[in-house]
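*Asks:* So here's run.txt (compact mmCIF, C-alpha atoms).
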```txt
# COMPACT_ATOMS: atom_id res chain seq x y z
CA MET A 1 -25.05 -27.73 -8.53
CA LEU A 2 -21.44 -28.95 -8.80
CA PHE A 3 -20.73 -26.21 -11.37
CA ILE A 4 -21.99 -23.54 -8.97
CA VAL A 5 -19.83 -24.88 -6.13
CA ILE A 6 -16.73 -24.96 -8.35
CA SER A 7 -17.44 -21.42 -9.57
CA ILE A 8 -17.70 -20.16 -5.99
CA ILE A 9 -14.43 -21.85 -5.05
CA ILE A 10 -12.65 -20.30 -8.04
CA LEU A 11 -14.07 -16.88 -7.17
CA LEU A 12 -12.88 -17.22 -3.57
CA MET A 13 -9.41 -18.22 -4.76
CA ILE A 14 -9.24 -15.13 -6.98
CA VAL A 15 -10.27 -12.90 -4.04
CA VAL A 16 -7.64 -14.48 -1.77
CA VAL A 17 -4.89 -13.99 -4.36
CA TYR A 18 -5.96 -10.36 -4.86
CA MET A 19 -5.97 -9.65 -1.12
CA ARG A 20 -2.52 -11.19 -0.74
CA LYS A 21 -1.19 -8.92 -3.45
CA LEU A 22 -2.90 -5.91 -1.92
CA ALA A 23 -1.72 -6.54 1.64
CA PRO A 24 2.02 -5.85 1.06
CA GLN A 25 1.09 -2.76 -0.94
CA GLN A 26 -0.91 -1.43 1.99
CA GLU A 27 1.72 -2.42 4.57
CA GLN A 28 4.30 -0.11 3.02
CA TYR A 29 1.93 2.79 3.67
CA ILE A 30 1.64 2.09 7.39
CA ILE A 31 3.76 4.38 9.55
CA GLY A 32 3.21 3.60 13.21
CA GLU A 33 -0.20 2.02 13.73
CA LYS A 34 -3.01 1.57 11.24
CA VAL A 35 -6.34 3.02 12.38
CA GLU A 36 -9.93 2.96 11.16
CA VAL A 37 -11.16 6.51 10.58
CA VAL A 38 -14.67 7.26 11.82
CA SER A 39 -14.82 10.90 10.76
CA VAL A 40 -12.66 13.92 9.99
CA MET A 41 -13.96 16.71 12.18
CA ASP A 42 -11.87 19.65 11.05
CA GLY A 43 -8.41 20.42 9.73
CA ASP A 44 -6.49 19.07 12.71
CA THR A 45 -8.86 16.63 14.41
CA MET A 46 -10.42 13.29 13.51
CA LYS A 47 -12.15 10.38 15.19
CA VAL A 48 -10.75 6.86 14.87
CA ARG A 49 -11.37 3.40 16.21
CA TYR A 50 -8.33 2.66 18.37
CA ASN A 51 -7.91 -0.37 20.64
CA GLY A 52 -11.64 -1.02 20.47
CA GLN A 53 -12.61 2.54 21.41
CA ILE A 54 -13.70 5.62 19.49
CA LYS A 55 -11.00 8.21 20.16
CA LYS A 56 -10.36 11.73 18.95
CA VAL A 57 -6.95 12.33 17.40
CA ARG A 58 -5.40 15.79 17.61
CA PHE A 59 -2.80 16.24 14.87
CA LEU A 60 0.42 16.79 16.78
CA LEU A 61 2.37 20.09 16.58
CA ILE A 62 -0.03 21.91 14.24
CA ASP A 63 -3.03 24.19 14.58
CA THR A 64 -5.64 24.95 11.92
CA PRO A 65 -8.36 27.63 12.12
CA GLU A 66 -11.40 26.66 14.17
CA MET A 67 -14.44 25.32 12.36
CA TYR A 68 -16.91 24.69 15.20
CA HIS A 69 -15.66 26.71 18.17
CA LYS A 70 -18.43 27.37 20.72
CA ARG A 71 -17.33 30.95 21.34
CA ILE A 72 -15.61 32.26 18.21
CA GLY A 73 -17.41 30.07 15.66
CA GLU A 74 -15.87 29.49 12.23
CA GLN A 75 -12.58 31.17 11.35
CA PRO A 76 -11.15 32.06 7.92
CA PHE A 77 -9.56 29.10 6.11
CA ALA A 78 -11.14 26.62 8.52
CA ARG A 79 -13.22 25.09 5.72
CA GLU A 80 -10.23 24.87 3.42
CA ALA A 81 -8.20 23.05 6.10
CA GLN A 82 -11.12 20.72 6.80
CA GLN A 83 -11.60 20.05 3.10
CA LEU A 84 -7.91 19.22 2.57
CA SER A 85 -7.75 16.85 5.55
CA ARG A 86 -10.94 15.08 4.49
CA MET A 87 -9.77 14.76 0.90
CA LEU A 88 -6.44 13.22 1.90
CA ILE A 89 -7.76 10.92 4.62
CA GLN A 90 -11.02 9.74 3.06
CA ASN A 91 -9.33 8.92 -0.27
CA ALA A 92 -6.47 6.99 1.31
CA GLN A 93 -6.18 3.22 1.27
CA VAL A 94 -4.50 3.27 4.67
CA VAL A 95 -4.51 5.83 7.47
CA SER A 96 -2.01 5.43 10.28
CA ILE A 97 -0.86 7.35 13.34
CA MET A 98 2.51 7.53 15.05
CA PHE A 99 3.20 8.83 18.52
CA ASP A 100 6.19 11.02 19.31
CA PRO A 101 8.56 9.34 21.81
CA ASN A 102 9.24 12.75 23.34
CA GLU A 103 5.61 13.88 23.68
CA GLU A 104 2.59 12.78 25.68
CA ARG A 105 0.25 10.34 23.93
CA GLU A 106 -2.89 12.11 25.15
CA ASP A 107 -3.85 15.63 26.10
CA ARG A 108 -5.92 16.68 29.09
CA TYR A 109 -9.10 16.15 27.08
CA GLY A 110 -8.28 12.50 26.39
CA ARG A 111 -7.44 13.09 22.73
CA LEU A 112 -4.62 11.10 21.15
CA LEU A 113 -1.70 13.30 20.08
CA ALA A 114 -0.11 11.86 16.96
CA TYR A 115 1.46 12.33 13.58
CA VAL A 116 -1.09 11.33 10.95
CA TYR A 117 -0.34 9.62 7.64
CA ALA A 118 -2.55 8.94 4.61
CA ASP A 119 -0.99 6.28 2.38
CA GLY A 120 2.34 7.10 4.00
CA LYS A 121 2.08 10.85 3.39
CA SER A 122 2.31 13.22 6.34
CA ILE A 123 -0.96 15.12 6.79
CA GLN A 124 0.76 17.66 9.02
CA GLU A 125 3.38 18.39 6.37
CA LEU A 126 0.82 18.82 3.61
CA LEU A 127 -1.35 21.15 5.71
CA LEU A 128 1.65 23.27 6.69
CA ARG A 129 3.18 23.49 3.23
CA SER A 130 -0.18 24.23 1.60
CA GLY A 131 -0.75 27.14 4.00
CA TYR A 132 -3.73 25.84 5.98
CA ALA A 133 -2.00 25.25 9.31
CA ARG A 134 0.54 26.86 11.59
CA VAL A 135 3.00 25.16 13.92
CA GLY A 136 1.37 25.21 17.33
CA TYR A 137 1.13 23.58 20.76
CA VAL A 138 4.85 22.83 20.88
CA TYR A 139 5.55 21.87 24.49
CA THR A 140 9.06 20.51 24.04
CA LYS A 141 11.88 21.32 21.63
CA GLN A 142 12.67 17.59 21.59
CA ALA A 143 9.53 16.83 19.57
CA GLN A 144 10.64 14.66 16.67
CA TYR A 145 9.56 16.85 13.74
CA VAL A 146 9.37 20.32 15.20
CA ASP A 147 12.29 21.68 13.14
CA GLU A 148 10.96 20.22 9.89
CA PHE A 149 7.50 21.58 10.60
CA TYR A 150 8.85 25.09 11.17
CA ALA A 151 10.65 24.79 7.82
CA PHE A 152 7.41 23.80 6.06
CA GLN A 153 5.62 26.71 7.74
CA GLU A 154 8.30 29.16 6.63
CA GLU A 155 7.98 27.93 3.04
CA ALA A 156 4.22 28.61 3.03
CA LYS A 157 4.71 31.93 4.77
CA GLN A 158 7.24 33.15 2.21
CA ALA A 159 4.93 32.07 -0.62
CA LYS A 160 1.93 33.76 1.10
CA ARG A 161 -0.21 30.66 0.85
CA GLY A 162 -3.56 30.33 2.61
CA ILE A 163 -3.49 31.69 6.15
CA TRP A 164 -0.29 33.63 5.41
CA ARG A 165 -1.93 35.77 2.75
CA TYR A 166 -3.20 38.31 5.28
CA ALA A 167 -0.79 40.14 7.59
CA GLY A 168 -1.79 39.83 11.23
CA TYR A 169 -4.14 36.87 10.77
CA VAL A 170 -1.73 34.30 12.20
CA THR A 171 -0.35 34.93 15.69
CA LYS A 172 1.48 32.85 18.28
CA LYS A 173 -1.82 32.40 20.10
CA GLY A 174 -3.98 31.48 17.11
CA PHE A 175 -5.90 33.30 14.41
CA HIS A 176 -7.67 36.69 14.27
CA ALA A 177 -10.49 37.02 11.75
CA GLU A 178 -10.43 40.79 12.21
CA ALA A 179 -7.27 40.89 10.08
CA ILE A 180 -9.30 39.84 7.01
CA PRO A 181 -11.65 42.68 6.01
CA HIS A 182 -15.28 41.85 5.24
CA TRP A 183 -14.79 38.11 5.81
CA GLN A 184 -18.01 36.12 6.34
CA PRO A 185 -18.26 32.40 7.24
CA GLY A 186 -18.98 30.29 4.17
CA LYS A 187 -18.87 33.27 1.80
CA GLN A 188 -15.19 33.45 0.88
CA VAL A 189 -14.17 29.81 0.69
CA GLU A 190 -11.31 29.25 -1.76
CA SER A 191 -10.33 26.26 -3.88
CA VAL A 192 -7.87 24.15 -1.93
CA GLN A 193 -4.34 24.33 -3.30
CA LEU A 194 -2.36 21.24 -2.29
CA VAL A 195 1.42 21.52 -2.25
CA THR A 196 3.05 18.11 -2.44
CA GLU A 197 6.66 18.44 -3.64
CA PRO A 198 9.29 18.07 -2.40
CA ASN A 199 8.21 15.79 0.46
CA LEU A 200 11.00 15.92 3.04
CA LEU A 201 9.34 13.28 5.23
CA ALA A 202 8.94 10.72 2.45
CA HIS A 203 12.47 9.29 2.47
CA GLN A 204 13.29 8.90 6.10
CA ILE A 205 15.16 6.25 8.02
CA LYS A 206 12.80 3.67 9.49
CA GLY A 207 13.37 2.25 12.96
CA ASN A 208 11.82 -1.14 13.70
CA ILE A 209 11.79 -3.22 16.88
CA ASN A 210 11.51 -6.96 16.20
CA PRO A 211 9.79 -9.54 18.49
CA LYS A 212 13.11 -10.10 20.30
CA GLY A 213 13.26 -6.42 21.20
CA GLU A 214 16.18 -5.72 18.85
CA LYS A 215 16.25 -2.19 17.44
CA ARG A 216 17.09 -2.04 13.74
CA TYR A 217 17.03 0.83 11.27
CA TYR A 218 16.65 0.85 7.49
CA LYS A 219 17.68 3.53 4.99
CA PRO A 220 15.90 4.26 1.70
CA GLY A 221 17.32 1.84 -0.85
CA ASP A 222 18.00 -0.92 1.67
CA PRO A 223 16.44 -4.32 0.87
CA ASN A 224 12.87 -4.56 2.24
CA TYR A 225 12.82 -0.84 3.13
CA ASP A 226 9.31 -0.39 1.71
CA GLN A 227 8.00 -3.39 3.66
CA VAL A 228 9.35 -2.24 7.03
CA ASN A 229 6.68 -1.02 9.45
CA PRO A 230 8.46 1.69 11.49
CA GLU A 231 7.99 2.25 15.19
CA GLN A 232 10.04 5.43 14.78
CA LEU A 233 11.27 7.58 11.90
CA PHE A 234 14.61 9.40 11.80
CA MET A 235 16.04 12.16 9.62
CA SER A 236 19.64 10.89 9.94
CA GLU A 237 21.66 7.81 10.87
CA GLU A 238 23.12 9.70 13.81
CA GLU A 239 19.63 10.26 15.19
CA ALA A 240 18.77 6.57 14.77
CA LYS A 241 21.99 5.43 16.46
CA ALA A 242 21.46 7.86 19.33
CA ALA A 243 18.09 6.19 19.92
CA GLY A 244 19.79 2.79 20.16
CA PHE A 245 19.01 1.48 16.65
CA ILE A 246 21.51 -0.50 14.55
CA ARG A 247 21.52 -0.72 10.75
CA VAL A 248 20.68 -4.14 9.37
CA PHE A 249 21.96 -3.78 5.81
CA ARG A 250 25.72 -3.64 5.29
CA PRO A 251 26.54 -2.08 1.88
```
Transcribe the structure of this file into structure tokens.

*Replies:*
Amino acid sequence: MLFIVISIIILLMIVVVYMRKLAPQQEQYIIGEKVEVVSVMDGDTMKVRYNGQIKKVRFLLIDTPEMYHKRIGEQPFAREAQQLSRMLIQNAQVVSIMFDPNEEREDRYGRLLAYVYADGKSIQELLLRSGYARVGYVYTKQAQYVDEFYAFQEEAKQAKRGIWRYAGYVTKKGFHAEAIPHWQPGKQVESVQLVTEPNLLAHQIKGNINPKGEKRYYKPGDPNYDQVNPEQLFMSEEEAKAAGFIRVFRP
């Protein structure tokens, strides 16, 4: 009996040590707030458990073809976008969301509007660069990543990836299946091509607000950069300073 008890204690100690090692590794992936994913509905929408409630999250500033629209049904490349989002999110150790300080947190349907990250990688960026999303629903030019997202979209457009392969399919108001001759739902699904390099959002300046309310920013290469959980991300020091953040590390 004593041997069994000792074995259980040793096993528990091993589990605790493993979890402690894993925790910092997961923390570096968290951008904004960690969430528990309930389901990935389509390319630009998922359900999460947030503040004790099940909430829909609409991926901010992008639009993917409709998968389950009541009126127009499934659109070309909707399955590919859904497949890519599910692959990235369901295989991630950590999924997190970050709100834009210059955008509303919810839309009129009660959906959260956020940037979505899987193990620290921007889902919006990967969808745009792979050609399965367009920049859409931009209500303010002050949105944090609108310029970068347009750059990712232009890259996919020039390379004729995904939705950009057919002239006239992508418009400012959405997508038109009529531009793709003989397309049938579920009949012309392609293998998802994921474009991952270079990742312009992977090496950004992290802005953190400590318990005292002090705003500090960290650049890639600064001590503890990977461990910092950012409340905001910035593309330049000037942008961070304009938001009231001060650099901690003095080279």

*Asks:* Pick the closest to Arg129 in chain A from A:Val248, A:Met67, A:Ala156, A:Leu112: which is it, counting all atoms listed in the file?

*Replies:*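 Comparing A:Val248, A:Met67, A:Ala156, A:Leu112 against Arg129 in chain A, the winner is A:Ala156.
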
*Asks:* Find, counting only C-alpha atoms, the residue in A:Ile163, A:Ile209, A:Ile31, A:Val48 that gets nearest to Ile180 in chain A.

*Replies:*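 Result for the nearest residue to Ile180 in chain A: A:Ile163.
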
*Asks:* When distances are computed from only C-alpha atoms, which of A:Glu239, A:Glu80, A:Asp119, A:Glu106 shows the smallest separation from Tyr29 in chain A?

*Replies:*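 Of A:Glu239, A:Glu80, A:Asp119, A:Glu106, the one nearest Tyr29 in chain A is A:Asp119, counting only C-alpha atoms.
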
*Asks:* Quote the spacing between CA of Pro211 in chain A and CA of Tyr50 in chain A in Å to one decimal place.

*Replies:*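 Computing the Euclidean distance for CA of Pro211 in chain A and CA of Tyr50 in chain A yields 21.8 Å.
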
*Asks:* Skipping near chain neighbours, those fewer than 6 positions away, what residues fall within 8 Å of range 172-175 of chain A using all atoms listed in the file, listed as a PyMOL selection string?

*Replies:* chain A and resi 63+65+75+136

*Asks:* Work out how far CA of Val57 in chain A is from CA of Ala179 in chain A, in Å to one decimal.

*Replies:*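 These atoms are spaced 29.5 Å apart.
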
*Asks:* Just checking: using only C-alpha atoms, which residue out of A:Asn51, A:Val37, A:Pro76, A:Ser130 ends up closest to Trp183 in chain A?

*Replies:*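 Smallest distance to Trp183 in chain A is found for A:Pro76.
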
*Asks:* From the set A:Gly120, A:Pro230, A:Gly43, A:Gly207, which residue has the shortest atom-to-atom contact distance to Arg58 in chain A, counting only C-alpha atoms?

*Replies:*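 The answer is A:Gly43, which sits nearest to Arg58 in chain A.
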
*Asks:* Report the distance between CA of His69 in chain A and CA of Gly186 in chain A in Å, rounded to one decimal place.

*Replies:* 14.8 Å

*Asks:* Calculated over all atoms listed in the file, which of the candidates A:Ile30, A:Glu154, A:Val135, A:Glu190 has the smallest distance to Lys121 in chain A?

*Replies:* A:Ile30

*Asks:* Could you pull out every residue with an atom within 6 Å of (-4.3, 0.6, 11.5), file coordinates, counting only C-alpha atoms, and send them as a ChimeraX atom specification?

*Replies:* /A:33-35,96

*Asks:* Which residues are close to Lys47 in chain A, i.e. within 6 Å by all atoms listed in the file, leaving aside same-chain residues fewer than 3 positions away? Reply as a PyMOL selection string.

*Replies:* chain A and resi 38-39+55-57

*Asks:* With C-alpha atoms kept, could you save the residues just selected as a PDB file, in the frame of the given file?

*Replies:*
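Result file is result33.pdb:
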```pdb
ATOM      1  CA  VAL A  38     -14.670   7.260  11.820  1.00  0.00           C
ATOM      2  CA  SER A  39     -14.820  10.900  10.760  1.00  0.00           C
ATOM      3  CA  LYS A  55     -11.000   8.210  20.160  1.00  0.00           C
ATOM      4  CA  LYS A  56     -10.360  11.730  18.950  1.00  0.00           C
ATOM      5  CA  VAL A  57      -6.950  12.330  17.400  1.00  0.00           C
TER       6      VAL A  57
END
```

*Asks:* Got a sec: who's within 12 Å of Gln204 in chain A, counting all atoms listed in the file, leaving out chain neighbours fewer than 2 positions off, as a list in words?

*Replies:*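 Surrounding residues, per the criterion: Ile31, Gly120, Lys121, Ser122, Tyr145, Asn199, Leu200, Leu201, Ala202, Lys206, Gly207, Tyr217, Tyr218, Lys219, Pro220, Gly221, Asp222, Tyr225, Asp226, Val228, Pro230, Gln232, Leu233, Phe234, Met235, Ser236, Glu237, Glu239 and Ala240 of chain A.
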
*Asks:* With all atoms listed in the file as the counted atoms, please give the residues lying no more than 12 Å from Val189 in chain A, apart from itself and same-chain residues fewer than 2 positions off, as a PyMOL selection string.

*Replies:* chain A and resi 74-83+162+183-187+191-193

*Asks:* Contacts of Gln90 in chain A at 9 Å or less, counting all atoms listed in the file, minus same-chain residues fewer than 4 places along, as an mmCIF file with C-alpha atoms, in the coordinates of the input?

*Replies:*
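For reference, out.cif as written:
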```
data_model
loop_
_atom_site.group_PDB
_atom_site.id
_atom_site.type_symbol
_atom_site.label_atom_id
_atom_site.label_comp_id
_atom_site.auth_asym_id
_atom_site.auth_seq_id
_atom_site.Cartn_x
_atom_site.Cartn_y
_atom_site.Cartn_z
ATOM 1 C CA VAL A 37 -11.160 6.510 10.580
ATOM 2 C CA SER A 39 -14.820 10.900 10.760
ATOM 3 C CA VAL A 40 -12.660 13.920 9.990
ATOM 4 C CA SER A 85 -7.750 16.850 5.550
ATOM 5 C CA ARG A 86 -10.940 15.080 4.490
ATOM 6 C CA VAL A 95 -4.510 5.830 7.470
ATOM 7 C CA ALA A 118 -2.550 8.940 4.610
#
```
